[in-house]
Structures are given as C-alpha cells and as structure tokens.
Amino acid sequence: MDIYASLQVVWWLLLGVLLIGLAVMVGMDMGVGAILRYIGRTDLERRVALNVIGPHWDGNQVWFILGGGAIFAAFPLIYATAFSGFYVVMLLLLWTMIIRPVGFEYRSKMPSAGWRNAWDWALFVSGFVPMVVFGAAIGNLFQGVPFHFDWTLTSFYTGSFLALLNPFAILCGVLSACMSAAMGGVTVMGGAQGAIAERSRKVARLGWSLAIVLFAVGGFWVAHMQGYVLNQFPGAGVAQTPLQQVVTRADGAWLSNFHAHNVLWLLPAAGFLGMLGSLFSASSERPLLAWWMGAVAWIGVIGTVGCALFPFLLPSVSNPSQSLTLWNSGSSQLTLAWMLGFTLVFVPLVVWYTSWAFYVMRGKVDPDQIANDEHAY
C-alpha cells in the first residue's frame, strides 16, 4: 500500500476515533440533559446534576468541532454532499447546539420556577434530539442516501427530511439516545449522592438494557438488508472520482468484511460486553467502572458500523455506482499529510486536558454548597 492509500486509511481510523470521542464525551453531557427532569425532582437536585458535568460540558464540545473539521479537511466531498443535502437536519442540530449552552448558563440566573422549568425542557430537547439524529444518520448510511452527481460532480439530493426518519433509522436513533442516557446516568451516579444518584442508577440500567436489545435487533436487521459491493474502481491510493467505479447491491453484503476477517467480530462483541459490563457495574453501584465499560460499548458499536460500511462512507441509493468511498472522496496526499501532523499534536493535547479536568474535578458535588452558591449552575 502506497503512502496516499495509507494516509486515507489512517484518516478513516482517525475519523472513527473522533466520532467515538464525540459519542462518549458529548453524548455523556447530552444524556444528562435528556434525563435531567427525571433524575432531578427538585430544583436543587437538577442543579446538582448540572454541576456534575458543569466543569466539562463546554470542553467536551471540542470533539464535536474536531469531528466536523476532520470531515471538512480530510473528506471534502463527503462534507459538501452530506451538508448540502441535509439542510433541515443541520439547522435542527445547529439550533439545539445553540440552545444548549444558553440553557446551562442562564437556567439559574433567575429564581423563577417558570423560567427554570422552561430551560429544563430546553436542555432535554438539546440533549435528546442531537443523539437521535446522530444515530438516525448512521442508520441511513446502511440503507443509502438519495443523491447523485452529474458529469461536473455537482451533487443533487433527491430525498426529504421525513424520508430520513424511516424505521431502521429510528431504531438506530433510539439506540443512540439510550446509550447517551445511560452514560449520563452513570456520570451523575459518580458525581452525586442520595436520591438523585439512585434515580440515575435506574436510568443507566434501563438505558443499557434497551441498548442491548436494540443493538441485537439492529444487527439482525443489517444482516438481512441489502448492502453495497465495490466491484470495480481505479484502486486504492489513486486519484479518482465517484464516476469511475461500479457498485452493486446484494443481500447481506454489509457483513462481507466480517466474513472475510473473523477478527472483526470482536467489535460487536465489545459492544455487547461493554453494555453488559456497564449495566452490571451500575447495578452494583460502581459508577467509574460503569462509565469506562460504557465507553467500550461505544467503541464496539461505532467500530462495528465503520467496519461493516468499509470502504463506503456515503452510499448512494439513487445511483449506487456514484457512492462515496474512502478512495474517491478524500483530500490530496499533501493535505492529508499536513492534517495528520497537526492531529498528532492537538488530539493528544485534548485528551490530556480532558483527563486533567476530570481528575481535578473528581469527587461528589455537595448539595449544600450548591444551594448556597448563587453562581453555580
């Protein structure tokens, strides 16, 4: 494999790492927002939950920025095609991401119960909706996205917002939301005490139980749906366009990589083991272990998705032969090399800073201190 092909594969792996970081870190924060109204029965309990993630939520948004930036820089054709077609989805995500930080910062600025209740609902929507969209987007990749190109490589999206909410996509969206809520539950377990910690434990157990069932159903569904097969293309590491390949669809094709490389079955196994491990750890009141097992679950789920789709990144249901793959949608070798250099410097810094922040802010949130501190969330 030459240098260009190697860089393409490395960036495929890095994109997976960034998506996992987004799912674990941002999903954890959004999960807390989604379950806030259940685990917090009083205003003080909700403030405690918000202060558990208060020192971390804004820093965790870096993973969201890194993920979008990586797609823009490393796979510009994916960025242009997907973002130009999904205007409604992107605007929905944008508005929820705008409301979320405002909710954190302004919720406790006024003592009015109506004011705080309104922001609690805003935090619920801005926590639940993005994770459903995240999962639904992955679900639509397996079924193909309705787009095609003309001879000038101008993309045309022929679908609609409602078509994205098909049964399989909804299943994937609910799976994503359940995993996010469960991660939010174990996070609050680790930082709170008393009744709110107990309710968070119940949420985590329910979330992981549902996630196990949904992941199994989704795997069975994928095994029996039509997948995509790359039959002819110029080759890996060769400059090319989506107009230079032949792609066909076949039943069960999404499992072809797993049949060819049996070691890949460890990824869905890791997904199930992570969910089960987090479920049992939460049940035995070990929130730290539950959190790490939840991270393993996300690694297994996203790793399974990536390996099933490989080398496809954005399959086309309108014209399968114009699907976007790892080989025809990447940037130039020079761009990928420069971006890799910056990534090897800044991603470890992000990991170090995040780890340091969690270490410094470890321990339980004191409800009495929150009640007496008007500047706390």
# chains A, B, ... in the order shown; residues from 1 in each chain; ligands from 1
call {"tool": "residues_around", "arguments": {"residues": "range 21-26 of chain A", "least_positions_apart": "2", "cutoff": "9 Å", "atoms": "only C-alpha atoms", "output": "PDB file with N, CA, C and O atoms, in the first residue's frame"}}
result
ATOM      1  N   GLY A  16     -12.987   7.653  12.858  1.00  0.00           N
ATOM      2  CA  GLY A  16     -13.655   6.784  13.816  1.00  0.00           C
ATOM      3  C   GLY A  16     -13.327   7.164  15.249  1.00  0.00           C
ATOM      4  O   GLY A  16     -14.211   7.181  16.117  1.00  0.00           O
ATOM      5  N   VAL A  17     -12.060   7.482  15.518  1.00  0.00           N
ATOM      6  CA  VAL A  17     -11.654   7.901  16.864  1.00  0.00           C
ATOM      7  C   VAL A  17     -12.388   9.175  17.282  1.00  0.00           C
ATOM      8  O   VAL A  17     -12.869   9.298  18.421  1.00  0.00           O
ATOM      9  N   LEU A  18     -12.489  10.126  16.371  1.00  0.00           N
ATOM     10  CA  LEU A  18     -13.168  11.385  16.681  1.00  0.00           C
ATOM     11  C   LEU A  18     -14.660  11.172  16.905  1.00  0.00           C
ATOM     12  O   LEU A  18     -15.253  11.800  17.788  1.00  0.00           O
ATOM     13  N   LEU A  19     -15.269  10.299  16.119  1.00  0.00           N
ATOM     14  CA  LEU A  19     -16.695  10.005  16.323  1.00  0.00           C
ATOM     15  C   LEU A  19     -16.925   9.300  17.660  1.00  0.00           C
ATOM     16  O   LEU A  19     -17.922   9.547  18.339  1.00  0.00           O
ATOM     17  N   MET A  28     -22.344  11.857  26.702  1.00  0.00           N
ATOM     18  CA  MET A  28     -22.498  11.829  28.151  1.00  0.00           C
ATOM     19  C   MET A  28     -23.192  13.096  28.649  1.00  0.00           C
ATOM     20  O   MET A  28     -24.146  13.040  29.439  1.00  0.00           O
ATOM     21  N   ASP A  29     -22.729  14.249  28.196  1.00  0.00           N
ATOM     22  CA  ASP A  29     -23.330  15.519  28.612  1.00  0.00           C
ATOM     23  C   ASP A  29     -24.772  15.631  28.145  1.00  0.00           C
ATOM     24  O   ASP A  29     -25.656  16.066  28.887  1.00  0.00           O
ATOM     25  N   MET A  30     -25.004  15.250  26.896  1.00  0.00           N
ATOM     26  CA  MET A  30     -26.365  15.324  26.371  1.00  0.00           C
ATOM     27  C   MET A  30     -27.289  14.352  27.087  1.00  0.00           C
ATOM     28  O   MET A  30     -28.479  14.626  27.266  1.00  0.00           O
ATOM     29  N   GLY A  31     -26.733  13.219  27.503  1.00  0.00           N
ATOM     30  CA  GLY A  31     -27.525  12.267  28.259  1.00  0.00           C
ATOM     31  C   GLY A  31     -28.005  12.843  29.578  1.00  0.00           C
ATOM     32  O   GLY A  31     -29.152  12.615  29.987  1.00  0.00           O
ATOM     33  N   HIS A  56     -17.134  20.305  32.617  1.00  0.00           N
ATOM     34  CA  HIS A  56     -16.645  19.525  31.477  1.00  0.00           C
ATOM     35  C   HIS A  56     -17.407  19.728  30.178  1.00  0.00           C
ATOM     36  O   HIS A  56     -16.836  19.526  29.102  1.00  0.00           O
ATOM     37  N   TRP A  57     -18.691  20.105  30.235  1.00  0.00           N
ATOM     38  CA  TRP A  57     -19.508  20.040  29.025  1.00  0.00           C
ATOM     39  C   TRP A  57     -18.979  20.923  27.911  1.00  0.00           C
ATOM     40  O   TRP A  57     -18.992  20.522  26.735  1.00  0.00           O
ATOM     41  N   ASN A  60     -15.909  19.429  26.331  1.00  0.00           N
ATOM     42  CA  ASN A  60     -16.239  18.241  25.533  1.00  0.00           C
ATOM     43  C   ASN A  60     -16.723  18.595  24.137  1.00  0.00           C
ATOM     44  O   ASN A  60     -16.693  17.747  23.233  1.00  0.00           O
ATOM     45  N   GLN A  61     -17.191  19.837  23.949  1.00  0.00           N
ATOM     46  CA  GLN A  61     -17.653  20.247  22.620  1.00  0.00           C
ATOM     47  C   GLN A  61     -16.526  20.261  21.603  1.00  0.00           C
ATOM     48  O   GLN A  61     -16.761  20.294  20.387  1.00  0.00           O
ATOM     49  N   VAL A  62     -15.275  20.224  22.098  1.00  0.00           N
ATOM     50  CA  VAL A  62     -14.133  20.180  21.192  1.00  0.00           C
ATOM     51  C   VAL A  62     -14.226  18.960  20.274  1.00  0.00           C
ATOM     52  O   VAL A  62     -13.852  19.015  19.098  1.00  0.00           O
ATOM     53  N   TRP A  63     -14.746  17.848  20.813  1.00  0.00           N
ATOM     54  CA  TRP A  63     -14.860  16.638  19.995  1.00  0.00           C
ATOM     55  C   TRP A  63     -15.843  16.846  18.847  1.00  0.00           C
ATOM     56  O   TRP A  63     -15.657  16.307  17.754  1.00  0.00           O
ATOM     57  N   PHE A  64     -16.880  17.613  19.095  1.00  0.00           N
ATOM     58  CA  PHE A  64     -17.849  17.927  18.043  1.00  0.00           C
ATOM     59  C   PHE A  64     -17.179  18.750  16.944  1.00  0.00           C
ATOM     60  O   PHE A  64     -17.362  18.489  15.744  1.00  0.00           O
ATOM     61  N   LEU A  66     -13.906  18.931  16.338  1.00  0.00           N
ATOM     62  CA  LEU A  66     -12.879  18.121  15.686  1.00  0.00           C
ATOM     63  C   LEU A  66     -13.493  17.183  14.651  1.00  0.00           C
ATOM     64  O   LEU A  66     -12.946  16.992  13.566  1.00  0.00           O
ATOM     65  N   GLY A  67     -14.649  16.580  14.993  1.00  0.00           N
ATOM     66  CA  GLY A  67     -15.292  15.680  14.054  1.00  0.00           C
ATOM     67  C   GLY A  67     -15.710  16.381  12.780  1.00  0.00           C
ATOM     68  O   GLY A  67     -15.449  15.905  11.663  1.00  0.00           O
ATOM     69  N   MET A 131     -28.696  13.355  19.771  1.00  0.00           N
ATOM     70  CA  MET A 131     -28.271  11.961  19.822  1.00  0.00           C
ATOM     71  C   MET A 131     -29.169  11.079  18.954  1.00  0.00           C
ATOM     72  O   MET A 131     -28.699  10.109  18.353  1.00  0.00           O
ATOM     73  N   PHE A 134     -27.930  11.742  15.481  1.00  0.00           N
ATOM     74  CA  PHE A 134     -26.644  11.078  15.309  1.00  0.00           C
ATOM     75  C   PHE A 134     -26.852   9.608  14.946  1.00  0.00           C
ATOM     76  O   PHE A 134     -26.269   9.092  13.983  1.00  0.00           O
ATOM     77  N   SER A 176     -28.945   5.126  19.974  1.00  0.00           N
ATOM     78  CA  SER A 176     -28.006   6.193  20.328  1.00  0.00           C
ATOM     79  C   SER A 176     -28.486   6.965  21.551  1.00  0.00           C
ATOM     80  O   SER A 176     -27.706   7.252  22.471  1.00  0.00           O
ATOM     81  N   SER A 180     -26.700   7.202  25.236  1.00  0.00           N
ATOM     82  CA  SER A 180     -26.378   8.521  25.771  1.00  0.00           C
ATOM     83  C   SER A 180     -26.999   8.725  27.150  1.00  0.00           C
ATOM     84  O   SER A 180     -26.342   9.208  28.083  1.00  0.00           O
ATOM     85  N   MET A 183     -25.119   6.666  29.706  1.00  0.00           N
ATOM     86  CA  MET A 183     -23.848   7.299  30.066  1.00  0.00           C
ATOM     87  C   MET A 183     -24.070   8.511  30.963  1.00  0.00           C
ATOM     88  O   MET A 183     -23.306   8.770  31.894  1.00  0.00           O
ATOM     89  N   GLY A 294     -19.095   1.699  29.505  1.00  0.00           N
ATOM     90  CA  GLY A 294     -19.929   2.397  28.535  1.00  0.00           C
ATOM     91  C   GLY A 294     -19.105   2.922  27.368  1.00  0.00           C
ATOM     92  O   GLY A 294     -19.542   2.882  26.209  1.00  0.00           O
ATOM     93  N   ALA A 295     -17.899   3.417  27.672  1.00  0.00           N
ATOM     94  CA  ALA A 295     -17.011   3.873  26.595  1.00  0.00           C
ATOM     95  C   ALA A 295     -16.627   2.706  25.688  1.00  0.00           C
ATOM     96  O   ALA A 295     -16.563   2.849  24.461  1.00  0.00           O
ATOM     97  N   TRP A 298     -19.451   2.057  23.291  1.00  0.00           N
ATOM     98  CA  TRP A 298     -19.454   2.987  22.157  1.00  0.00           C
ATOM     99  C   TRP A 298     -18.368   2.614  21.144  1.00  0.00           C
ATOM    100  O   TRP A 298     -18.576   2.679  19.927  1.00  0.00           O
ATOM    101  N   ILE A 299     -17.198   2.226  21.635  1.00  0.00           N
ATOM    102  CA  ILE A 299     -16.122   1.809  20.728  1.00  0.00           C
ATOM    103  C   ILE A 299     -16.569   0.621  19.896  1.00  0.00           C
ATOM    104  O   ILE A 299     -16.351   0.558  18.677  1.00  0.00           O
ATOM    105  N   ILE A 302     -19.545   1.829  17.305  1.00  0.00           N
ATOM    106  CA  ILE A 302     -19.065   2.644  16.176  1.00  0.00           C
ATOM    107  C   ILE A 302     -18.035   1.881  15.353  1.00  0.00           C
ATOM    108  O   ILE A 302     -17.992   1.995  14.117  1.00  0.00           O
TER     109      ILE A 302
END
call {"tool": "residues_around", "arguments": {"residues": "Pro76 in chain A", "least_positions_apart": "2", "cutoff": "12 Å", "atoms": "only C-alpha atoms", "output": "PyMOL selection string"}}
result
chain A and resi 68-74+78-84+313+324-326+328-332+335-336
call {"tool": "residues_around", "arguments": {"residues": "Thr241 in chain A", "least_positions_apart": "2", "cutoff": "10 Å", "atoms": "only C-alpha atoms", "output": "mmCIF file with all heavy atoms, in the first residue's frame"}}
result
data_model
loop_
_atom_site.group_PDB
_atom_site.id
_atom_site.type_symbol
_atom_site.label_atom_id
_atom_site.label_comp_id
_atom_site.auth_asym_id
_atom_site.auth_seq_id
_atom_site.Cartn_x
_atom_site.Cartn_y
_atom_site.Cartn_z
ATOM 1 N N LEU A 77 -15.505 15.985 -0.148
ATOM 2 C CA LEU A 77 -16.645 15.618 -0.984
ATOM 3 C C LEU A 77 -17.783 15.076 -0.115
ATOM 4 O O LEU A 77 -18.961 15.296 -0.413
ATOM 5 C CB LEU A 77 -16.222 14.586 -2.034
ATOM 6 C CG LEU A 77 -17.154 14.403 -3.240
ATOM 7 C CD1 LEU A 77 -17.432 15.740 -3.913
ATOM 8 C CD2 LEU A 77 -16.552 13.421 -4.238
ATOM 9 N N LEU A 153 -19.616 16.744 -11.418
ATOM 10 C CA LEU A 153 -19.523 16.378 -9.999
ATOM 11 C C LEU A 153 -20.328 17.316 -9.099
ATOM 12 O O LEU A 153 -19.993 17.494 -7.927
ATOM 13 C CB LEU A 153 -18.062 16.321 -9.528
ATOM 14 C CG LEU A 153 -17.291 15.043 -9.875
ATOM 15 C CD1 LEU A 153 -15.903 15.089 -9.245
ATOM 16 C CD2 LEU A 153 -18.046 13.802 -9.428
ATOM 17 N N PHE A 233 -13.076 -0.264 -9.462
ATOM 18 C CA PHE A 233 -12.655 1.111 -9.194
ATOM 19 C C PHE A 233 -11.177 1.227 -9.538
ATOM 20 O O PHE A 233 -10.484 0.205 -9.657
ATOM 21 C CB PHE A 233 -12.935 1.492 -7.738
ATOM 22 C CG PHE A 233 -12.046 0.823 -6.722
ATOM 23 C CD1 PHE A 233 -11.143 1.566 -5.978
ATOM 24 C CD2 PHE A 233 -12.118 -0.555 -6.493
ATOM 25 C CE1 PHE A 233 -10.330 0.960 -5.042
ATOM 26 C CE2 PHE A 233 -11.324 -1.161 -5.552
ATOM 27 C CZ PHE A 233 -10.416 -0.399 -4.828
ATOM 28 N N PRO A 234 -10.656 2.441 -9.741
ATOM 29 C CA PRO A 234 -9.266 2.598 -10.175
ATOM 30 C C PRO A 234 -8.234 2.001 -9.232
ATOM 31 O O PRO A 234 -7.113 1.701 -9.649
ATOM 32 C CB PRO A 234 -9.099 4.126 -10.287
ATOM 33 C CG PRO A 234 -10.484 4.618 -10.547
ATOM 34 C CD PRO A 234 -11.380 3.725 -9.763
ATOM 35 N N VAL A 238 -5.298 5.967 -5.582
ATOM 36 C CA VAL A 238 -5.272 6.543 -6.932
ATOM 37 C C VAL A 238 -6.286 7.683 -6.985
ATOM 38 O O VAL A 238 -7.420 7.537 -6.530
ATOM 39 C CB VAL A 238 -5.633 5.476 -7.993
ATOM 40 C CG1 VAL A 238 -5.683 6.105 -9.382
ATOM 41 C CG2 VAL A 238 -4.640 4.330 -7.943
ATOM 42 N N ALA A 239 -5.886 8.819 -7.531
ATOM 43 C CA ALA A 239 -6.805 9.945 -7.678
ATOM 44 C C ALA A 239 -7.975 9.530 -8.549
ATOM 45 O O ALA A 239 -7.786 9.010 -9.653
ATOM 46 C CB ALA A 239 -6.074 11.146 -8.279
ATOM 47 N N LEU A 243 -17.415 8.876 -10.398
ATOM 48 C CA LEU A 243 -17.908 8.493 -11.720
ATOM 49 C C LEU A 243 -17.069 7.391 -12.354
ATOM 50 O O LEU A 243 -17.331 6.991 -13.479
ATOM 51 C CB LEU A 243 -17.922 9.717 -12.644
ATOM 52 C CG LEU A 243 -18.667 10.959 -12.131
ATOM 53 C CD1 LEU A 243 -18.605 12.078 -13.166
ATOM 54 C CD2 LEU A 243 -20.113 10.612 -11.788
ATOM 55 N N GLN A 244 -16.059 6.881 -11.634
ATOM 56 C CA GLN A 244 -15.122 5.911 -12.203
ATOM 57 C C GLN A 244 -15.210 4.550 -11.523
ATOM 58 O O GLN A 244 -14.207 3.839 -11.445
ATOM 59 C CB GLN A 244 -13.690 6.443 -12.097
ATOM 60 C CG GLN A 244 -13.443 7.736 -12.860
ATOM 61 C CD GLN A 244 -12.072 8.301 -12.549
ATOM 62 O OE1 GLN A 244 -11.860 8.997 -11.562
ATOM 63 N NE2 GLN A 244 -11.111 7.986 -13.403
ATOM 64 N N GLN A 245 -16.370 4.173 -11.034
ATOM 65 C CA GLN A 245 -16.468 2.910 -10.314
ATOM 66 C C GLN A 245 -17.791 2.212 -10.631
ATOM 67 O O GLN A 245 -18.704 2.809 -11.199
ATOM 68 C CB GLN A 245 -16.374 3.154 -8.800
ATOM 69 C CG GLN A 245 -17.518 4.002 -8.263
ATOM 70 C CD GLN A 245 -17.330 4.389 -6.800
ATOM 71 O OE1 GLN A 245 -16.263 4.202 -6.226
ATOM 72 N NE2 GLN A 245 -18.370 4.935 -6.202
ATOM 73 N N GLN A 322 -22.323 5.712 -7.869
ATOM 74 C CA GLN A 322 -21.792 7.033 -7.536
ATOM 75 C C GLN A 322 -21.651 7.224 -6.019
ATOM 76 O O GLN A 322 -21.541 8.348 -5.530
ATOM 77 C CB GLN A 322 -22.698 8.122 -8.125
ATOM 78 C CG GLN A 322 -22.706 8.124 -9.646
ATOM 79 C CD GLN A 322 -23.515 9.262 -10.238
ATOM 80 O OE1 GLN A 322 -24.105 10.067 -9.520
ATOM 81 N NE2 GLN A 322 -23.558 9.334 -11.561
ATOM 82 N N SER A 323 -21.632 6.131 -5.295
ATOM 83 C CA SER A 323 -21.433 6.188 -3.848
ATOM 84 C C SER A 323 -20.060 6.759 -3.525
ATOM 85 O O SER A 323 -19.099 6.596 -4.283
ATOM 86 C CB SER A 323 -21.555 4.791 -3.240
ATOM 87 O OG SER A 323 -22.841 4.252 -3.442
ATOM 88 N N LEU A 324 -19.982 7.428 -2.382
ATOM 89 C CA LEU A 324 -18.713 7.993 -1.937
ATOM 90 C C LEU A 324 -18.004 6.990 -1.036
ATOM 91 O O LEU A 324 -18.582 6.477 -0.072
ATOM 92 C CB LEU A 324 -18.949 9.305 -1.194
ATOM 93 C CG LEU A 324 -19.546 10.431 -2.040
ATOM 94 C CD1 LEU A 324 -19.778 11.682 -1.199
ATOM 95 C CD2 LEU A 324 -18.646 10.760 -3.216
ATOM 96 N N THR A 325 -16.765 6.717 -1.360
ATOM 97 C CA THR A 325 -15.968 5.745 -0.615
ATOM 98 C C THR A 325 -14.728 6.417 -0.042
ATOM 99 O O THR A 325 -14.443 7.590 -0.311
ATOM 100 C CB THR A 325 -15.538 4.581 -1.512
ATOM 101 O OG1 THR A 325 -14.557 5.051 -2.447
ATOM 102 C CG2 THR A 325 -16.733 4.003 -2.276
ATOM 103 N N TRP A 327 -11.858 5.879 -0.983
ATOM 104 C CA TRP A 327 -10.867 6.075 -2.037
ATOM 105 C C TRP A 327 -11.203 7.240 -2.968
ATOM 106 O O TRP A 327 -10.300 7.763 -3.637
ATOM 107 C CB TRP A 327 -10.739 4.795 -2.871
ATOM 108 C CG TRP A 327 -10.649 3.562 -2.049
ATOM 109 C CD1 TRP A 327 -11.502 2.487 -2.077
ATOM 110 C CD2 TRP A 327 -9.668 3.246 -1.053
ATOM 111 N NE1 TRP A 327 -11.119 1.533 -1.175
ATOM 112 C CE2 TRP A 327 -9.991 1.968 -0.527
ATOM 113 C CE3 TRP A 327 -8.553 3.921 -0.551
ATOM 114 C CZ2 TRP A 327 -9.244 1.356 0.474
ATOM 115 C CZ3 TRP A 327 -7.801 3.312 0.452
ATOM 116 C CH2 TRP A 327 -8.143 2.044 0.949
ATOM 117 N N ASN A 328 -12.470 7.648 -3.059
ATOM 118 C CA ASN A 328 -12.810 8.684 -4.044
ATOM 119 C C ASN A 328 -13.291 9.994 -3.429
ATOM 120 O O ASN A 328 -13.727 10.888 -4.154
ATOM 121 C CB ASN A 328 -13.869 8.165 -5.035
ATOM 122 C CG ASN A 328 -15.198 7.837 -4.374
ATOM 123 O OD1 ASN A 328 -15.530 8.362 -3.322
ATOM 124 N ND2 ASN A 328 -15.976 6.961 -5.007
ATOM 125 N N SER A 329 -13.252 10.133 -2.125
ATOM 126 C CA SER A 329 -13.796 11.351 -1.509
ATOM 127 C C SER A 329 -12.799 12.081 -0.620
ATOM 128 O O SER A 329 -13.166 13.050 0.038
ATOM 129 C CB SER A 329 -15.042 10.999 -0.679
ATOM 130 O OG SER A 329 -14.720 10.067 0.338
ATOM 131 N N GLY A 330 -11.561 11.623 -0.594
ATOM 132 C CA GLY A 330 -10.576 12.221 0.295
ATOM 133 C C GLY A 330 -9.836 13.398 -0.320
ATOM 134 O O GLY A 330 -9.886 13.635 -1.532
#
call {"tool": "residues_around", "arguments": {"residues": "Leu340 in chain A", "least_positions_apart": "6", "cutoff": "10 Å", "atoms": "only C-alpha atoms", "output": "MDAnalysis selection string"}}
result
chainID A and resid 7 10:11 14 74 334 346
call {"tool": "closest_atom_pairs", "arguments": {"of": "range 28-98 of chain A", "to": "range 106-130 of chain A", "cutoff": "12 Å", "atoms": "only C-alpha atoms", "output": "JSON lines"}}
result
{"residue": "A:Met28", "atom": "CA", "partner": "A:Gly127", "partner_atom": "CA", "distance": 9.3}
{"residue": "A:Asp29", "atom": "CA", "partner": "A:Gly127", "partner_atom": "CA", "distance": 7.6}
{"residue": "A:Met30", "atom": "CA", "partner": "A:Gly127", "partner_atom": "CA", "distance": 4.0}
{"residue": "A:Gly31", "atom": "CA", "partner": "A:Gly127", "partner_atom": "CA", "distance": 6.0}
{"residue": "A:Val32", "atom": "CA", "partner": "A:Gly127", "partner_atom": "CA", "distance": 7.5}
{"residue": "A:Gly33", "atom": "CA", "partner": "A:Phe124", "partner_atom": "CA", "distance": 5.0}
{"residue": "A:Ala34", "atom": "CA", "partner": "A:Phe124", "partner_atom": "CA", "distance": 4.2}
{"residue": "A:Ile35", "atom": "CA", "partner": "A:Phe124", "partner_atom": "CA", "distance": 7.0}
{"residue": "A:Leu36", "atom": "CA", "partner": "A:Phe124", "partner_atom": "CA", "distance": 7.0}
{"residue": "A:Arg37", "atom": "CA", "partner": "A:Asp120", "partner_atom": "CA", "distance": 6.9}
{"residue": "A:Tyr38", "atom": "CA", "partner": "A:Phe124", "partner_atom": "CA", "distance": 10.2}
{"residue": "A:Ile39", "atom": "CA", "partner": "A:Asp120", "partner_atom": "CA", "distance": 11.9}
{"residue": "A:Gly40", "atom": "CA", "partner": "A:Asp120", "partner_atom": "CA", "distance": 10.2}
{"residue": "A:Arg41", "atom": "CA", "partner": "A:Asn117", "partner_atom": "CA", "distance": 11.4}
{"residue": "A:Thr42", "atom": "CA", "partner": "A:Ala113", "partner_atom": "CA", "distance": 10.4}
{"residue": "A:Asp43", "atom": "CA", "partner": "A:Arg116", "partner_atom": "CA", "distance": 8.2}
{"residue": "A:Leu44", "atom": "CA", "partner": "A:Ser108", "partner_atom": "CA", "distance": 10.3}
{"residue": "A:Arg46", "atom": "CA", "partner": "A:Asp120", "partner_atom": "CA", "distance": 8.6}
{"residue": "A:Arg47", "atom": "CA", "partner": "A:Ser108", "partner_atom": "CA", "distance": 8.1}
{"residue": "A:Val48", "atom": "CA", "partner": "A:Ser108", "partner_atom": "CA", "distance": 11.7}
{"residue": "A:Ala49", "atom": "CA", "partner": "A:Asp120", "partner_atom": "CA", "distance": 11.6}
{"residue": "A:Leu50", "atom": "CA", "partner": "A:Arg107", "partner_atom": "CA", "distance": 10.1}
{"residue": "A:Asn51", "atom": "CA", "partner": "A:Ser108", "partner_atom": "CA", "distance": 11.3}
{"residue": "A:Trp57", "atom": "CA", "partner": "A:Gly127", "partner_atom": "CA", "distance": 11.6}
{"residue": "A:Phe64", "atom": "CA", "partner": "A:Pro130", "partner_atom": "CA", "distance": 11.3}
{"residue": "A:Val89", "atom": "CA", "partner": "A:Pro130", "partner_atom": "CA", "distance": 9.5}
{"residue": "A:Met90", "atom": "CA", "partner": "A:Pro130", "partner_atom": "CA", "distance": 10.0}
{"residue": "A:Leu91", "atom": "CA", "partner": "A:Pro130", "partner_atom": "CA", "distance": 11.1}
{"residue": "A:Leu92", "atom": "CA", "partner": "A:Pro130", "partner_atom": "CA", "distance": 8.3}
{"residue": "A:Leu93", "atom": "CA", "partner": "A:Pro130", "partner_atom": "CA", "distance": 6.0}
{"residue": "A:Leu94", "atom": "CA", "partner": "A:Pro130", "partner_atom": "CA", "distance": 9.3}
{"residue": "A:Trp95", "atom": "CA", "partner": "A:Ser126", "partner_atom": "CA", "distance": 8.3}
{"residue": "A:Thr96", "atom": "CA", "partner": "A:Ser126", "partner_atom": "CA", "distance": 4.6}
{"residue": "A:Met97", "atom": "CA", "partner": "A:Ser126", "partner_atom": "CA", "distance": 6.5}
{"residue": "A:Ile98", "atom": "CA", "partner": "A:Ser126", "partner_atom": "CA", "distance": 8.6}
call {"tool": "residues_around", "arguments": {"residues": "Ser209 in chain A", "least_positions_apart": "4", "cutoff": "12 Å", "atoms": "only C-alpha atoms", "output": "number ranges by chain"}}
result
A: 175, 178-179, 181-182, 202-205, 213-216, 272, 274-280, 282-283
call {"tool": "closest_residue", "arguments": {"among": "A:Val229, A:Gly59, A:Gly237, A:Val296", "to": "Val351 in chain A", "atoms": "only C-alpha atoms"}}
result
A:Gly59
call {"tool": "atom_distance", "arguments": {"atom1": "CA of Leu255 in chain A", "atom2": "CA of Phe75 in chain A"}}
result
24.4 Å
call {"tool": "closest_residue", "arguments": {"among": "A:Gly218, A:Pro167, A:Gly185, A:Pro101", "to": "Arg201 in chain A", "atoms": "only C-alpha atoms"}}
result
A:Gly185
call {"tool": "select_by_dssp", "arguments": {"residues": "range 149-347 of chain A", "states": "alpha helix (DSSP H)", "output": "count of residues only"}}
result
119
call {"tool": "select_by_dssp", "arguments": {"residues": "range 238-318 of chain A", "states": "strand (DSSP E or B)", "output": "PDB file with N, CA and C atoms, in the first residue's frame"}}
result
ATOM      1  N   VAL A 246     -17.855   0.945 -10.266  1.00  0.00           N
ATOM      2  CA  VAL A 246     -19.076   0.162 -10.421  1.00  0.00           C
ATOM      3  C   VAL A 246     -19.418  -0.434  -9.056  1.00  0.00           C
ATOM      4  N   VAL A 247     -20.618  -0.119  -8.590  1.00  0.00           N
ATOM      5  CA  VAL A 247     -21.080  -0.613  -7.290  1.00  0.00           C
ATOM      6  C   VAL A 247     -22.415  -1.319  -7.491  1.00  0.00           C
ATOM      7  N   THR A 248     -22.569  -2.460  -6.865  1.00  0.00           N
ATOM      8  CA  THR A 248     -23.837  -3.182  -6.906  1.00  0.00           C
ATOM      9  C   THR A 248     -24.336  -3.415  -5.483  1.00  0.00           C
ATOM     10  N   ARG A 249     -25.592  -3.804  -5.359  1.00  0.00           N
ATOM     11  CA  ARG A 249     -26.190  -4.106  -4.063  1.00  0.00           C
ATOM     12  C   ARG A 249     -26.477  -5.600  -3.970  1.00  0.00           C
ATOM     13  N   ALA A 250     -26.306  -6.143  -2.780  1.00  0.00           N
ATOM     14  CA  ALA A 250     -26.530  -7.567  -2.575  1.00  0.00           C
ATOM     15  C   ALA A 250     -27.005  -7.812  -1.153  1.00  0.00           C
ATOM     16  N   ASP A 251     -27.827  -8.815  -0.980  1.00  0.00           N
ATOM     17  CA  ASP A 251     -28.327  -9.155   0.347  1.00  0.00           C
ATOM     18  C   ASP A 251     -27.176  -9.587   1.253  1.00  0.00           C
ATOM     19  N   PHE A 312     -17.097   2.121   2.144  1.00  0.00           N
ATOM     20  CA  PHE A 312     -18.103   3.137   1.849  1.00  0.00           C
ATOM     21  C   PHE A 312     -18.212   4.135   3.007  1.00  0.00           C
ATOM     22  N   LEU A 313     -18.350   5.409   2.641  1.00  0.00           N
ATOM     23  CA  LEU A 313     -18.566   6.463   3.624  1.00  0.00           C
ATOM     24  C   LEU A 313     -19.954   7.081   3.483  1.00  0.00           C
ATOM     25  N   LEU A 314     -20.420   7.212   2.240  1.00  0.00           N
ATOM     26  CA  LEU A 314     -21.751   7.756   1.988  1.00  0.00           C
ATOM     27  C   LEU A 314     -22.339   7.030   0.776  1.00  0.00           C
ATOM     28  N   SER A 316     -24.880   5.731  -2.046  1.00  0.00           N
ATOM     29  CA  SER A 316     -25.979   6.373  -2.761  1.00  0.00           C
ATOM     30  C   SER A 316     -27.035   5.340  -3.116  1.00  0.00           C
TER      31      SER A 316
END
